[in-house]
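Trainee: Below you'll find coords_26.cif; it's mmCIF, C-alpha atoms.
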data_final
loop_
_atom_site.label_atom_id
_atom_site.label_comp_id
_atom_site.auth_asym_id
_atom_site.auth_seq_id
_atom_site.Cartn_x
_atom_site.Cartn_y
_atom_site.Cartn_z
CA MET A 1 37.42 8.91 -46.65
CA ALA A 2 34.05 7.27 -47.23
CA LEU A 3 34.35 5.33 -43.94
CA SER A 4 35.22 8.52 -42.06
CA LEU A 5 32.21 10.27 -43.54
CA LEU A 6 29.95 7.34 -42.63
CA LEU A 7 31.16 7.37 -39.02
CA SER A 8 30.52 11.09 -38.82
CA VAL A 9 26.97 10.62 -40.07
CA VAL A 10 26.36 7.82 -37.53
CA LEU A 11 27.69 9.92 -34.66
CA LEU A 12 25.62 12.92 -35.70
CA THR A 13 22.52 10.73 -35.97
CA ALA A 14 23.11 9.22 -32.51
CA THR A 15 23.76 12.65 -31.02
CA GLY A 16 20.61 14.00 -32.59
CA HIS A 17 18.58 11.11 -31.20
CA LEU A 18 19.94 11.69 -27.70
CA ASP A 19 19.12 15.37 -27.98
CA ASP A 20 15.54 14.48 -28.93
CA VAL A 21 15.24 12.09 -25.96
CA THR A 22 16.64 14.72 -23.61
CA ASP A 23 14.18 17.29 -24.94
CA ASP A 24 11.32 14.83 -24.40
CA ILE A 25 12.38 14.31 -20.78
CA ARG A 26 12.73 18.05 -20.19
CA SER A 27 9.29 18.68 -21.66
CA ALA A 28 7.65 15.92 -19.61
CA HIS A 29 9.40 17.22 -16.49
CA ASP A 30 8.16 20.77 -17.06
CA ASP A 31 4.61 19.53 -17.67
CA LEU A 32 4.63 17.54 -14.42
CA VAL A 33 5.99 20.46 -12.40
CA ALA A 34 3.26 22.70 -13.84
CA ALA A 35 0.60 20.10 -13.02
CA GLU A 36 1.85 19.81 -9.44
CA ALA A 37 1.77 23.59 -9.07
CA SER A 38 -1.86 23.64 -10.26
CA GLY A 39 -2.90 20.86 -7.87
CA ASN A 40 -4.79 19.11 -10.69
CA LEU A 41 -4.65 15.43 -9.71
CA SER A 42 -5.56 14.07 -13.14
CA ALA A 43 -2.90 16.28 -14.75
CA ILE A 44 -0.35 15.12 -12.17
CA HIS A 45 -1.18 11.50 -12.93
CA ARG A 46 -0.92 12.11 -16.66
CA GLY A 47 2.33 14.04 -16.28
CA THR A 48 3.83 11.28 -14.14
CA LEU A 49 3.04 8.67 -16.79
CA GLU A 50 4.53 10.88 -19.52
CA LEU A 51 7.74 11.35 -17.55
CA LEU A 52 8.03 7.63 -16.86
CA HIS A 53 7.56 6.94 -20.57
CA ALA A 54 10.17 9.52 -21.58
CA CYS A 55 12.72 8.13 -19.10
CA LYS A 56 12.16 4.44 -19.87
CA GLY A 57 15.37 2.62 -20.75
CA GLN A 58 17.49 5.79 -20.70
CA ASP A 59 20.79 6.48 -18.92
CA LEU A 60 19.56 9.57 -17.11
CA GLU A 61 22.87 10.51 -15.52
CA VAL A 62 24.36 10.75 -19.02
CA LEU A 63 21.41 12.47 -20.67
CA LEU A 64 20.83 14.92 -17.81
CA LYS A 65 24.41 15.62 -16.82
CA ALA A 66 24.27 19.37 -17.52
CA GLU A 67 23.83 21.60 -14.49
CA GLU A 68 20.61 23.05 -15.87
CA ASP A 69 19.13 19.54 -16.01
CA ALA A 70 19.76 18.74 -12.33
CA ALA A 71 16.13 19.48 -11.36
CA ALA A 72 14.85 17.17 -14.11
CA LEU A 73 17.24 14.41 -13.01
CA ARG A 74 16.08 14.69 -9.41
CA LYS A 75 12.42 14.54 -10.42
CA CYS A 76 13.04 11.56 -12.71
CA LEU A 77 14.79 9.60 -9.98
CA LEU A 78 11.98 10.35 -7.52
CA VAL A 79 9.21 9.39 -9.94
CA ILE A 80 10.93 6.23 -11.18
CA GLY A 81 11.93 5.05 -7.69
CA THR A 82 8.43 5.65 -6.33
CA ASP A 83 6.88 3.84 -9.31
CA HIS A 84 9.08 0.78 -8.72
CA GLY A 85 7.91 0.67 -5.11
CA LEU A 86 4.25 0.91 -6.08
CA LYS A 87 4.70 -1.94 -8.55
CA GLY A 88 6.40 -4.20 -6.00
CA SER A 89 9.99 -3.86 -7.25
CA GLN A 90 11.32 -2.91 -3.83
CA ALA A 91 14.99 -3.60 -4.57
CA GLU A 92 14.91 -1.23 -7.56
CA ALA A 93 13.01 1.36 -5.52
CA ASN A 94 15.65 1.23 -2.77
CA LYS A 95 18.46 1.52 -5.33
CA ILE A 96 17.09 4.49 -7.27
CA LEU A 97 15.77 6.43 -4.29
CA GLY A 98 19.07 5.77 -2.53
CA ILE A 99 20.96 7.31 -5.47
CA LEU A 100 18.72 10.38 -5.31
CA ILE A 101 19.24 10.88 -1.57
CA LYS A 102 23.01 10.33 -1.79
CA LYS A 103 23.53 12.53 -4.86
CA PHE A 104 21.19 15.38 -3.83
CA PRO A 105 20.89 15.08 -0.01
CA ASP A 106 19.48 18.56 0.62
CA SER A 107 17.00 18.70 -2.25
CA ALA A 108 13.22 18.82 -1.94
CA GLU A 109 13.04 15.62 -4.02
CA SER A 110 15.30 13.78 -1.58
CA LYS A 111 13.04 14.74 1.28
CA LYS A 112 10.02 13.46 -0.65
CA ALA A 113 11.94 10.24 -1.44
CA LEU A 114 12.15 9.31 2.24
CA VAL A 115 8.53 8.11 2.47
CA PRO A 116 8.62 5.77 -0.57
CA LEU A 117 12.06 4.60 0.57
CA ALA A 118 10.68 3.75 4.01
CA ARG A 119 7.73 2.00 2.39
CA ALA A 120 10.06 -0.03 0.15
CA HIS A 121 12.07 -1.12 3.19
CA SER A 122 8.91 -2.02 5.10
CA GLU A 123 7.52 -4.15 2.28
CA VAL A 124 10.51 -6.50 2.51
CA GLY A 125 10.26 -6.64 6.31
CA ARG A 126 13.15 -4.24 7.02
CA ILE A 127 11.31 -2.38 9.76
CA ASP A 128 14.37 -0.81 11.41
CA ALA A 129 15.62 0.62 8.10
CA ALA A 130 12.11 1.84 7.33
CA LEU A 131 11.88 3.60 10.69
CA THR A 132 15.24 5.30 10.14
CA ALA A 133 14.01 6.74 6.85
CA ILE A 134 10.57 7.72 8.13
CA ARG A 135 11.98 9.51 11.20
CA LYS A 136 14.03 11.70 8.84
CA ALA A 137 10.89 12.29 6.78
CA THR A 138 8.85 13.50 9.75
CA GLU A 139 11.72 15.83 10.73
CA GLN A 140 12.22 17.33 7.26
CA LEU A 141 8.89 17.42 5.42
CA GLU A 142 6.67 20.50 5.56
CA ALA A 143 3.50 20.63 7.63
CA GLY A 144 0.25 20.41 5.71
CA THR A 145 1.69 18.42 2.80
CA ILE A 146 0.52 15.06 1.53
CA GLU A 147 4.02 13.72 2.17
CA ILE A 148 4.15 14.60 5.87
CA ARG A 149 0.73 13.04 6.41
CA GLU A 150 1.82 9.84 4.67
CA ALA A 151 4.97 9.91 6.78
CA TRP A 152 3.13 10.16 10.11
CA MET A 153 0.72 7.41 9.05
CA LEU A 154 3.53 5.05 8.06
CA ARG A 155 5.58 5.93 11.14
CA GLY A 156 2.64 4.89 13.31
CA ASP A 157 2.23 1.66 11.35
CA LEU A 158 5.92 0.83 11.77
CA HIS A 159 5.87 1.46 15.52
CA ALA A 160 2.74 -0.68 15.79
CA ALA A 161 4.49 -3.40 13.80
CA ARG A 162 7.17 -3.51 16.51
CA GLY A 163 4.57 -3.55 19.28
CA GLU A 164 5.33 0.04 20.31
CA ILE A 165 1.73 1.09 20.89
CA LEU A 166 2.41 4.42 22.62
CA ASP A 167 4.79 5.57 19.88
CA ALA A 168 2.31 4.46 17.21
CA ARG A 169 -0.50 6.44 18.81
CA ARG A 170 1.75 9.50 19.12
CA ALA A 171 2.55 9.35 15.39
CA TRP A 172 -1.11 9.09 14.36
CA SER A 173 -1.97 11.88 16.79
CA ARG A 174 0.63 14.08 15.09
CA LEU A 175 -1.16 13.37 11.82
CA THR A 176 -4.45 14.40 13.42
CA ASP A 177 -2.82 17.60 14.69
CA ASP A 178 -1.61 18.40 11.17
CA LEU A 179 -5.12 17.88 9.81
CA ASP A 180 -6.55 20.17 12.50
CA ARG A 181 -4.04 22.94 11.82
CA ASN A 182 -3.44 22.78 8.09
CA GLY A 183 -6.63 21.67 6.40
CA ASN A 184 -8.68 18.52 6.69
CA GLU A 185 -8.31 15.45 4.50
CA ALA A 186 -11.23 13.10 5.11
CA ARG A 187 -9.51 9.85 4.16
CA ALA A 188 -6.40 10.51 6.25
CA ARG A 189 -8.56 11.45 9.24
CA ARG A 190 -10.68 8.29 8.90
CA ASN A 191 -7.66 6.03 8.51
CA SER A 192 -5.75 7.51 11.43
CA GLY A 193 -8.92 7.60 13.54
CA VAL A 194 -9.68 3.90 13.14
CA ARG A 195 -6.09 3.03 14.05
CA LEU A 196 -6.22 5.19 17.16
CA ALA A 197 -9.57 3.72 18.17
CA LEU A 198 -8.59 0.06 17.74
CA LEU A 199 -4.89 -0.43 18.47
CA GLY A 200 -4.32 -2.01 21.87
CA THR A 201 -8.02 -2.67 22.57
CA LYS A 202 -9.81 -5.98 22.95
CA ALA A 203 -11.17 -7.19 19.64
CA PRO A 204 -14.96 -6.74 19.37
CA PRO A 205 -16.87 -10.00 18.85
CA LEU A 206 -18.10 -11.24 15.49
CA THR A 207 -21.73 -12.22 16.03
CA SER A 208 -24.60 -13.18 13.73
CA ASN A 209 -22.17 -14.57 11.19
CA ILE A 210 -22.12 -17.38 8.66
CA TRP A 211 -18.88 -19.19 7.86
CA ILE A 212 -18.04 -20.45 4.38
CA GLY A 213 -15.15 -22.87 4.08
CA GLY A 214 -14.57 -23.45 7.78
CA ASP A 215 -16.14 -24.40 11.09
CA LYS A 216 -17.86 -21.48 12.76
CA LYS A 217 -16.04 -20.21 15.84
CA SER A 218 -16.26 -17.08 17.96
CA LEU A 219 -13.19 -14.92 18.55
CA GLU A 220 -13.22 -16.18 22.13
CA GLU A 221 -12.90 -19.72 20.83
CA LEU A 222 -9.92 -18.60 18.73
CA HIS A 223 -8.16 -17.30 21.85
CA GLY A 224 -4.55 -18.51 21.74
CA GLU A 225 -4.26 -18.08 17.97
CA VAL A 226 -3.19 -15.06 15.94
CA VAL A 227 -6.24 -13.94 13.96
CA MET A 228 -6.27 -11.80 10.84
CA LEU A 229 -9.57 -10.19 9.90
CA ASP A 230 -9.74 -8.96 6.31
CA PHE A 231 -12.80 -6.76 5.77
CA TRP A 232 -13.63 -6.88 2.08
CA ALA A 233 -16.25 -7.11 -0.69
CA THR A 234 -16.33 -8.94 -4.00
CA TRP A 235 -16.87 -5.68 -5.93
CA CYS A 236 -13.73 -4.13 -4.40
CA SER A 237 -10.81 -4.47 -6.83
CA PRO A 238 -8.06 -3.64 -4.25
CA CYS A 239 -9.59 -6.30 -1.98
CA ARG A 240 -9.23 -8.91 -4.71
CA VAL A 241 -5.64 -7.84 -5.43
CA LEU A 242 -4.76 -8.39 -1.77
CA MET A 243 -6.41 -11.79 -1.37
CA PRO A 244 -3.82 -14.06 -3.08
CA GLY A 245 -1.12 -12.63 -0.81
CA LEU A 246 -3.25 -13.21 2.27
CA ASP A 247 -3.87 -16.78 1.13
CA ARG A 248 -0.12 -17.34 0.70
CA ILE A 249 0.53 -16.03 4.21
CA TYR A 250 -2.25 -18.22 5.61
CA ARG A 251 -0.91 -21.36 3.93
CA ALA A 252 2.62 -20.60 5.14
CA HIS A 253 1.71 -20.00 8.79
CA LYS A 254 -1.57 -21.75 9.56
CA ASP A 255 0.23 -24.62 11.30
CA GLU A 256 1.98 -22.09 13.56
CA GLY A 257 -1.33 -20.75 14.87
CA LEU A 258 -2.48 -18.20 12.27
CA LYS A 259 -6.17 -17.92 11.41
CA VAL A 260 -7.31 -15.74 8.49
CA LEU A 261 -10.96 -14.74 8.12
CA GLY A 262 -12.30 -12.87 5.11
CA VAL A 263 -15.08 -10.79 6.67
CA THR A 264 -17.78 -9.37 4.41
CA LYS A 265 -21.45 -8.38 4.59
CA PRO A 266 -24.40 -8.54 2.17
CA TYR A 267 -24.23 -6.08 -0.71
CA PRO A 268 -26.70 -5.69 -3.58
CA ARG A 269 -23.82 -5.69 -6.06
CA GLY A 270 -20.69 -7.75 -6.49
CA TRP A 271 -18.15 -9.21 -8.91
CA LEU A 272 -17.71 -12.82 -9.98
CA PRO A 273 -14.46 -14.25 -11.41
CA GLY A 274 -14.53 -16.01 -14.75
CA LYS A 275 -14.65 -19.80 -14.68
CA ASP A 276 -11.28 -20.11 -16.42
CA ASP A 277 -9.49 -16.96 -15.23
CA PRO A 278 -10.02 -15.69 -11.67
CA LEU A 279 -8.55 -12.29 -12.58
CA ARG A 280 -11.21 -11.64 -15.22
CA GLY A 281 -14.90 -11.57 -14.51
CA GLN A 282 -18.05 -9.50 -14.52
CA GLY A 283 -20.17 -7.38 -12.23
CA VAL A 284 -23.32 -8.67 -10.55
CA ASN A 285 -26.20 -6.42 -9.53
CA GLY A 286 -29.56 -6.59 -7.81
CA MET A 287 -28.78 -9.34 -5.27
CA ASP A 288 -31.00 -10.03 -2.29
CA SER A 289 -29.61 -11.78 0.83
CA SER A 290 -30.18 -15.29 -0.54
CA ALA A 291 -28.57 -14.51 -3.89
CA PHE A 292 -25.66 -12.86 -2.08
CA MET A 293 -24.89 -16.02 -0.10
CA LEU A 294 -24.81 -18.09 -3.29
CA HIS A 295 -22.64 -15.39 -4.84
CA ILE A 296 -20.08 -15.58 -2.01
CA VAL A 297 -19.90 -19.37 -2.17
CA GLU A 298 -19.32 -19.28 -5.92
CA PHE A 299 -16.79 -16.43 -5.65
CA ARG A 300 -14.70 -18.39 -3.15
CA ARG A 301 -14.80 -21.51 -5.29
CA ARG A 302 -13.72 -19.67 -8.44
CA PHE A 303 -11.16 -17.38 -6.82
CA GLY A 304 -9.49 -20.30 -5.08
CA VAL A 305 -8.54 -18.96 -1.64
CA SER A 306 -8.25 -21.51 1.16
CA TYR A 307 -9.10 -19.44 4.24
CA PRO A 308 -12.74 -19.14 5.41
CA PHE A 309 -15.10 -16.33 4.50
CA VAL A 310 -17.30 -14.93 7.25
CA VAL A 311 -20.53 -13.12 6.33
CA THR A 312 -21.63 -10.69 9.04
CA GLY A 313 -23.87 -7.65 9.22
CA ARG A 314 -23.40 -3.91 9.29
CA SER A 315 -23.09 -3.89 13.08
CA GLU A 316 -19.81 -5.88 12.96
CA PHE A 317 -18.36 -3.45 10.42
CA ASP A 318 -19.45 -0.57 12.66
CA ARG A 319 -17.85 -2.12 15.76
CA TYR A 320 -14.51 -2.15 13.96
CA GLY A 321 -15.01 1.31 12.50
CA VAL A 322 -14.73 0.05 8.94
CA SER A 323 -15.20 2.94 6.53
CA GLY A 324 -12.82 1.85 3.80
CA ILE A 325 -11.90 -1.57 2.42
CA PRO A 326 -9.84 -3.63 2.33
CA MET A 327 -9.11 -3.24 6.02
CA VAL A 328 -6.86 -5.71 7.81
CA VAL A 329 -6.96 -6.16 11.59
CA LEU A 330 -4.45 -8.39 13.39
CA ILE A 331 -5.46 -9.82 16.76
CA ASP A 332 -2.83 -11.34 19.04
CA ARG A 333 -3.11 -14.59 21.00
CA GLU A 334 -4.62 -12.69 23.95
CA GLY A 335 -7.43 -11.21 21.86
CA THR A 336 -5.93 -7.71 21.65
CA ILE A 337 -5.79 -5.74 18.41
CA ALA A 338 -2.11 -5.45 17.51
CA TRP A 339 -2.13 -3.87 14.04
CA VAL A 340 -4.54 -2.19 11.65
CA ARG A 341 -4.18 -1.25 8.00
CA VAL A 342 -6.72 0.36 5.68
CA GLY A 343 -6.19 -0.06 1.95
CA SER A 344 -4.23 -2.46 -0.19
CA GLY A 345 -0.48 -2.80 -0.30
CA GLY A 346 2.29 -5.32 -0.23
CA GLU A 347 2.40 -8.13 2.27
CA GLY A 348 5.95 -7.66 3.57
CA LEU A 349 5.15 -5.52 6.59
CA LEU A 350 1.96 -7.46 7.29
CA GLU A 351 3.84 -10.76 7.35
CA ALA A 352 6.57 -9.28 9.56
CA VAL A 353 3.94 -8.32 12.15
CA ILE A 354 2.37 -11.77 11.95
CA LEU A 355 5.74 -13.45 12.53
CA ARG A 356 6.31 -11.28 15.62
CA LEU A 357 2.88 -12.13 17.00
CA LEU A 358 3.31 -15.85 16.30
CA THR A 359 6.66 -15.98 18.12
CA LYS A 360 5.61 -13.71 20.99
CA LYS A 361 5.49 -15.55 24.30
#
Can the structure in the file be given as structure tokens, please?
Mentor:
Amino acid sequence: MALSLLLSVVLLTATGHLDDVTDDIRSAHDDLVAAEASGNLSAIHRGTLELLHACKGQDLEVLLKAEEDAAALRKCLLVIGTDHGLKGSQAEANKILGILIKKFPDSAESKKALVPLARAHSEVGRIDAALTAIRKATEQLEAGTIEIREAWMLRGDLHAARGEILDARRAWSRLTDDLDRNGNEARARRNSGVRLALLGTKAPPLTSNIWIGGDKKSLEELHGEVVMLDFWATWCSPCRVLMPGLDRIYRAHKDEGLKVLGVTKPYPRGWLPGKDDPLRGQGVNGMDSSAFMLHIVEFRRRFGVSYPFVVTGRSEFDRYGVSGIPMVVLIDREGTIAWVRVGSGGEGLLEAVILRLLTKK
């Protein structure tokens, strides 16, 4: 009798806990939906974090199995799968977003899942799978939305990664058309514009430059090698996040004909890594040109990358249309720009393009 009563109490306690967790998820879901409806970006960010926290470690398909919880389950799967992709857990992103698309194929959340799914595929070099997902996205997503603009941008990047220049330019042009018809977004226009301007053109020269950590050469002298230009600055946190991956790629493929150049220009401010921890450091302000050069030398020494830094002027940045950093430009063995990306991200797609260019005859 006492044992039976104890078991009943335990079951009631467990059930009550699950009910509380489910209520927390429902509440976080409703808050996020309201934030999205308001268009308040800070509220959307906060609501996303709250939903991730509420869902952490939970069996969602058990907790949200009731029909009235289907919308919350879809949103949870979308948010969690997208978050895994942003944090570099591409296998988990593919798994969770795949469940969402399979379980709710006609839902709005499944349509929105296609872009992060394509991105997750691309970041492990699965370009064909990524293109399959992104084609569906551009067919199904609504005009004027953030998602369709991300889809057209990524579709262009994927076509460019395969060397399909005409298809890439068509995708970015579709993005431009959407911006013209449905409201401008300055960053998307800049990022698509620089891709359209550069892809398939001869790489502009790098003149009036100083090399740190390598023998100075012109791009003409590097003809026959695959060249990666990484436009960056020491004060730019996303630039610093990207650099270890670029260094890994350089070390892996330099003997195959890859050259990586970290291209920067004098700034009055910067950031210097700590002597013992390159990921921690402090800001530097009020630099003149001489102090900046010393700053770059010391940054490279402390940060520990092996590829050369190239210090140029504003004119070189202007020739390449650099308006946002980091910006990566890949130049093939013939001196033609083969791929452009603005912003940080994983290295999977970047390395896949490099491998194609290195093996191209």
Trainee: Find the nearest atom pair between each residue of region 136-200 of chain A and region 92-113 of chain A for residues within 10 Å, count all atoms listed in the file, give distances in Å to one decimal, sort rows by chain and ascending number, and present the table as a Markdown table.
Mentor:
| residue | atom | partner | partner_atom | distance |
| --- | --- | --- | --- | --- |
| A:Lys136 | CA | A:Lys111 | CA | 8.2 |
| A:Ala137 | CA | A:Lys111 | CA | 6.4 |
| A:Thr138 | CA | A:Lys111 | CA | 9.5 |
| A:Glu139 | CA | A:Lys111 | CA | 9.6 |
| A:Gln140 | CA | A:Lys111 | CA | 6.6 |
| A:Leu141 | CA | A:Lys111 | CA | 6.4 |
| A:Glu142 | CA | A:Lys111 | CA | 9.6 |
| A:Ile146 | CA | A:Lys112 | CA | 9.9 |
| A:Glu147 | CA | A:Lys112 | CA | 6.6 |
| A:Ile148 | CA | A:Lys112 | CA | 8.8 |
| A:Ala151 | CA | A:Lys112 | CA | 9.7 |
Trainee: Considering only C-alpha atoms, state which residue in the set A:Met327, A:Cys55, A:Val353, A:Ala43 is at the smallest distance from Asp24 (chain A).
Mentor: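 Between A:Met327, A:Cys55, A:Val353, A:Ala43, the residue approaching Asp24 (chain A) most closely is A:Cys55.
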Trainee: What does the structure give for the distance between CA of Glu185 (chain A) and CA of Leu52 (chain A), in Å to one decimal?
Mentor: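 Calculated distance between CA of Glu185 (chain A) and CA of Leu52 (chain A) is 28.0 Å.
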Trainee: Counting all atoms listed in the file, which residues have an atom no more than 9 Å from (-8.6, -9.9, 8.2) in the file's coordinates? Please list them as a list in words.
Mentor: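 Residues close enough to count: Val227, Met228, Leu229, Asp230, Phe231, Trp232, Leu246, Lys259, Val260, Leu261, Gly262, Val263, Pro326, Met327, Val328, Val329 and Leu330 of chain A.
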Trainee: For the selection you just gave me, I'd like the residues written to a file as a short mmCIF file (atom, residue, chain, number, x, y, z; two decimals), keeping the file's coordinate frame, keeping C-alpha atoms.
Mentor:
data_model
loop_
_atom_site.label_atom_id
_atom_site.label_comp_id
_atom_site.auth_asym_id
_atom_site.auth_seq_id
_atom_site.Cartn_x
_atom_site.Cartn_y
_atom_site.Cartn_z
CA VAL A 227 -6.24 -13.94 13.96
CA MET A 228 -6.27 -11.80 10.84
CA LEU A 229 -9.57 -10.19 9.90
CA ASP A 230 -9.74 -8.96 6.31
CA PHE A 231 -12.80 -6.76 5.77
CA TRP A 232 -13.63 -6.88 2.08
CA LEU A 246 -3.25 -13.21 2.27
CA LYS A 259 -6.17 -17.92 11.41
CA VAL A 260 -7.31 -15.74 8.49
CA LEU A 261 -10.96 -14.74 8.12
CA GLY A 262 -12.30 -12.87 5.11
CA VAL A 263 -15.08 -10.79 6.67
CA PRO A 326 -9.84 -3.63 2.33
CA MET A 327 -9.11 -3.24 6.02
CA VAL A 328 -6.86 -5.71 7.81
CA VAL A 329 -6.96 -6.16 11.59
CA LEU A 330 -4.45 -8.39 13.39
#
Trainee: What residues come out when you apply the PyMOL selection byres ((chain A and resi 237-245) around 8) to this file, written as an NGL selection string?
Mentor: :A and (232-236 or 246-249 or 305 or 325-326 or 343-347)
Trainee: I want to know what sits within 12 Å of Leu222 (chain A), based on all atoms listed in the file, with residues of the same chain fewer than 6 positions away left out; could you give that as a compact mmCIF listing (two decimals) with C-alpha atoms, in the frame of the given file?
Mentor:
# COMPACT_ATOMS: atom_id res chain seq x y z
CA ALA A 203 -11.17 -7.19 19.64
CA PRO A 205 -16.87 -10.00 18.85
CA LEU A 206 -18.10 -11.24 15.49
CA ASP A 215 -16.14 -24.40 11.09
CA LYS A 216 -17.86 -21.48 12.76
CA MET A 228 -6.27 -11.80 10.84
CA GLY A 257 -1.33 -20.75 14.87
CA LEU A 258 -2.48 -18.20 12.27
CA LYS A 259 -6.17 -17.92 11.41
CA VAL A 260 -7.31 -15.74 8.49
CA LEU A 261 -10.96 -14.74 8.12
CA ILE A 331 -5.46 -9.82 16.76
CA ASP A 332 -2.83 -11.34 19.04
CA ARG A 333 -3.11 -14.59 21.00
CA GLU A 334 -4.62 -12.69 23.95
CA GLY A 335 -7.43 -11.21 21.86
CA THR A 336 -5.93 -7.71 21.65
Trainee: Can you tell me, as a list in words, what residues are no more than 8 Å from Asp157 (chain A) when counting all atoms listed in the file, ignoring any on the same chain fewer than 2 positions away?
Mentor: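 Those residues are Met153, Leu154, Arg155, His159, Ala160, Ala161, Ala168, Trp339, Val340 and Arg341 of chain A.
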Trainee: Here's the selection I'm unsure about, the PyMOL selection byres ((chain A and resi 198) around 10); applied to the file above, which residues does it give, as a ChimeraX atom specification?
Mentor: /A:193-197,199-204,319-321,329,336-340
Trainee: Quick one: of A:Cys76, A:Leu63, A:Leu279, A:Leu175, who's nearest to Leu32 (chain A), counting all atoms listed in the file?
Mentor: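 Smallest separation from Leu32 (chain A) among the options: A:Cys76.
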Trainee: From the list A:Ala129, A:Val79, A:Ala186, A:Leu60, which residue is nearest Thr48 (chain A) when using all atoms listed in the file?
Mentor: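 Among A:Ala129, A:Val79, A:Ala186, A:Leu60, it is A:Val79 that comes nearest to Thr48 (chain A).
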Trainee: Looking at A:Ile296, A:Leu77, A:Ile25, A:Leu349, which one is nearest to Ala118 (chain A), with distances taken over only C-alpha atoms?
Mentor: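 Among A:Ile296, A:Leu77, A:Ile25, A:Leu349, it is A:Leu349 that comes nearest to Ala118 (chain A).
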Trainee: Tell me, in Å to one decimal, how far CA of Asp31 (chain A) is from CA of Gly144 (chain A).
Mentor: 23.8 Å
Trainee: Give me the box for region 25-42 of chain A as AutoDock Vina command-line options, namely the centre and edge lengths in Å to one decimal of a box along x, y and z that holds every listed atom plus 6 Å on each side.
Mentor:
--center_x 3.6 --center_y 18.9 --center_z -14.8 --size_x 30.3 --size_y 21.6 --size_z 25.8
Trainee: Nearest residue to Gly39 (chain A) out of A:Thr145, A:Asn184, A:Asn191, A:Ser89, using only C-alpha atoms?
Mentor: A:Thr145
Trainee: Would you work out the distance separating CA of Arg301 (chain A) from CA of Trp211 (chain A), expressed in Å to one decimal?
Mentor: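 Atom-to-atom, CA of Arg301 (chain A) and CA of Trp211 (chain A) are spaced 14.0 Å apart.
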Trainee: Tell me which protein, DNA and RNA residues are within 6 Å of Ala171 (chain A), counting all atoms listed in the file, leaving out same-chain ones fewer than 2 positions away, and put them as a list in words.
Mentor: Trp152, Gly156, Ala168, Arg169, Ser173 and Arg174 of chain A
Trainee: Rank nothing, just name the residue among A:Lys217, A:Arg280, A:Gly348, A:Ile212 nearest to His295 (chain A), using only C-alpha atoms.
Mentor: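 That would be A:Ile212, the residue with the smallest distance to His295 (chain A).
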Trainee: Identify, on the basis of only C-alpha atoms, every residue whose closest approach to Gly214 (chain A) does not exceed 8 Å; exclude the query and any residue fewer than 3 positions from it along the same chain; express the result as a PyMOL selection string.
Mentor: chain A and resi 211+307-309
Trainee: Write out as a PyMOL selection string each polymer residue whose atoms come within 8 Å of Ala130 (chain A), counting only C-alpha atoms; drop sequence neighbours fewer than 4 positions from it.
Mentor: chain A and resi 117-122+126+134+158
